[in-house]
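Asks: What follows is a structure written as structure tokens; I'll ask about it next.
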Amino acid sequence: MKAFVNQDTCIGCGLCCGMCEEVFRMNDDDKAEAYGQVDDGNKADVQAAIDGCPVSAISWDD
């Protein structure tokens, strides 16, 4: 299971990076991107980032 950040929707608030920095980071365009692996240890944090994203830019990418 992977996380996906829609670059067209992301506003670069950084909430997801603060919630789960092992999966999310800011790119050169100041948008969040999912770069890390989701595992049992961080899956709940990724879901919290998905639920907390103010513009719903994050989703699961199966």
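All residue names refer to the structure tokens as shown: chains lettered A, B, ... in order, residues numbered from 1 in each chain, ligands numbered from 1 in order.
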Quick check for you: according to DSSP on this backbone, which residues of chain A are classed as alpha helix (DSSP H)? Reply as a list of chain:residue names.

Replies: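 Filtering chain A to alpha helix (DSSP H) leaves A:Leu15, A:Cys16, A:Cys17, A:Gly18, A:Met19, A:Lys43, A:Ala44, A:Asp45, A:Val46, A:Gln47, A:Ala48, A:Ala49, A:Ile50, A:Asp51, A:Gly52.
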
Asks: Write a file of the just-selected residues containing C-alpha atoms, as a PDB file, in the first residue's frame.

Replies:
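Printed below is again-v1.pdb as written:
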```pdb
ATOM      1  CA  LEU A  15       0.474  19.026   7.751  1.00  0.00           C
ATOM      2  CA  CYS A  16       1.193  15.563   6.365  1.00  0.00           C
ATOM      3  CA  CYS A  17       4.944  16.038   6.699  1.00  0.00           C
ATOM      4  CA  GLY A  18       4.518  16.950  10.331  1.00  0.00           C
ATOM      5  CA  MET A  19       2.302  13.940  10.956  1.00  0.00           C
ATOM      6  CA  LYS A  43      -0.099   3.295   8.510  1.00  0.00           C
ATOM      7  CA  ALA A  44      -2.238   4.981  11.171  1.00  0.00           C
ATOM      8  CA  ASP A  45      -0.218   8.207  10.836  1.00  0.00           C
ATOM      9  CA  VAL A  46      -0.667   8.160   7.056  1.00  0.00           C
ATOM     10  CA  GLN A  47      -4.416   7.679   7.500  1.00  0.00           C
ATOM     11  CA  ALA A  48      -4.459  10.590   9.939  1.00  0.00           C
ATOM     12  CA  ALA A  49      -2.679  12.731   7.324  1.00  0.00           C
ATOM     13  CA  ILE A  50      -5.240  11.674   4.698  1.00  0.00           C
ATOM     14  CA  ASP A  51      -8.100  12.527   7.051  1.00  0.00           C
ATOM     15  CA  GLY A  52      -6.512  15.812   8.154  1.00  0.00           C
TER      16      GLY A  52
END
```

Asks: Got a sec: who's within 7 Å of range 9-13 of chain A, counting only C-alpha atoms, leaving out chain neighbours fewer than 4 positions off, as an MDAnalysis selection string?

Replies: chainID A and resid 30:32 55 57

Asks: Identify, with DSSP run on backbone atoms, the residues in chain A assigned to strand (DSSP E or B), and express the list as a list in words.

Replies: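 Going through chain A, the strand (DSSP E or B) residues come out as Lys2, Ala3, Phe4, Val5, Phe24, Arg25, Met26, Ala32, Glu33, Ala34, Ile58, Ser59, Trp60 and Asp61 of chain A.
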
Asks: I need the residues from that last selection saved to file as a compact mmCIF listing (two decimals), in the first residue's frame (with N, CA and C atoms), if you can.

Replies:
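Listed below is the output, part34.txt:
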```txt
# COMPACT_ATOMS: atom_id res chain seq x y z
N LYS A 2 0.49 2.22 -0.80
CA LYS A 2 1.24 3.46 -0.91
C LYS A 2 0.30 4.64 -0.71
N ALA A 3 0.89 5.76 -0.35
CA ALA A 3 0.14 7.00 -0.27
C ALA A 3 0.41 7.80 -1.54
N PHE A 4 -0.54 8.63 -1.92
CA PHE A 4 -0.42 9.46 -3.11
C PHE A 4 -0.86 10.88 -2.78
N VAL A 5 -0.08 11.86 -3.22
CA VAL A 5 -0.44 13.27 -3.05
C VAL A 5 -0.71 13.87 -4.42
N PHE A 24 6.03 11.37 4.04
CA PHE A 24 5.79 12.61 3.29
C PHE A 24 6.94 13.59 3.44
N ARG A 25 7.19 14.35 2.37
CA ARG A 25 8.18 15.43 2.40
C ARG A 25 7.73 16.50 1.42
N MET A 26 8.31 17.67 1.56
CA MET A 26 8.03 18.77 0.64
C MET A 26 9.00 18.68 -0.53
N ALA A 32 3.67 18.83 -1.09
CA ALA A 32 3.98 17.56 -0.42
C ALA A 32 4.04 16.44 -1.44
N GLU A 33 4.86 15.45 -1.14
CA GLU A 33 4.90 14.24 -1.96
C GLU A 33 5.10 13.05 -1.04
N ALA A 34 4.57 11.93 -1.46
CA ALA A 34 4.74 10.68 -0.71
C ALA A 34 5.95 9.97 -1.30
N ILE A 58 -4.55 13.95 -0.42
CA ILE A 58 -3.85 12.70 -0.16
C ILE A 58 -4.84 11.55 -0.21
N SER A 59 -4.39 10.45 -0.80
CA SER A 59 -5.24 9.25 -0.86
C SER A 59 -4.34 8.02 -0.85
N TRP A 60 -4.97 6.87 -0.73
CA TRP A 60 -4.26 5.61 -0.85
C TRP A 60 -4.11 5.27 -2.33
N ASP A 61 -2.95 4.81 -2.71
CA ASP A 61 -2.68 4.39 -4.08
C ASP A 61 -2.31 2.92 -4.04
```

Asks: Could you jot down the CA of Asp62 in chain A to CA of Gly14 in chain A separation for me, Å, one decimal place?

Replies: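 Computing it gives 23.0 Å between the two atoms.
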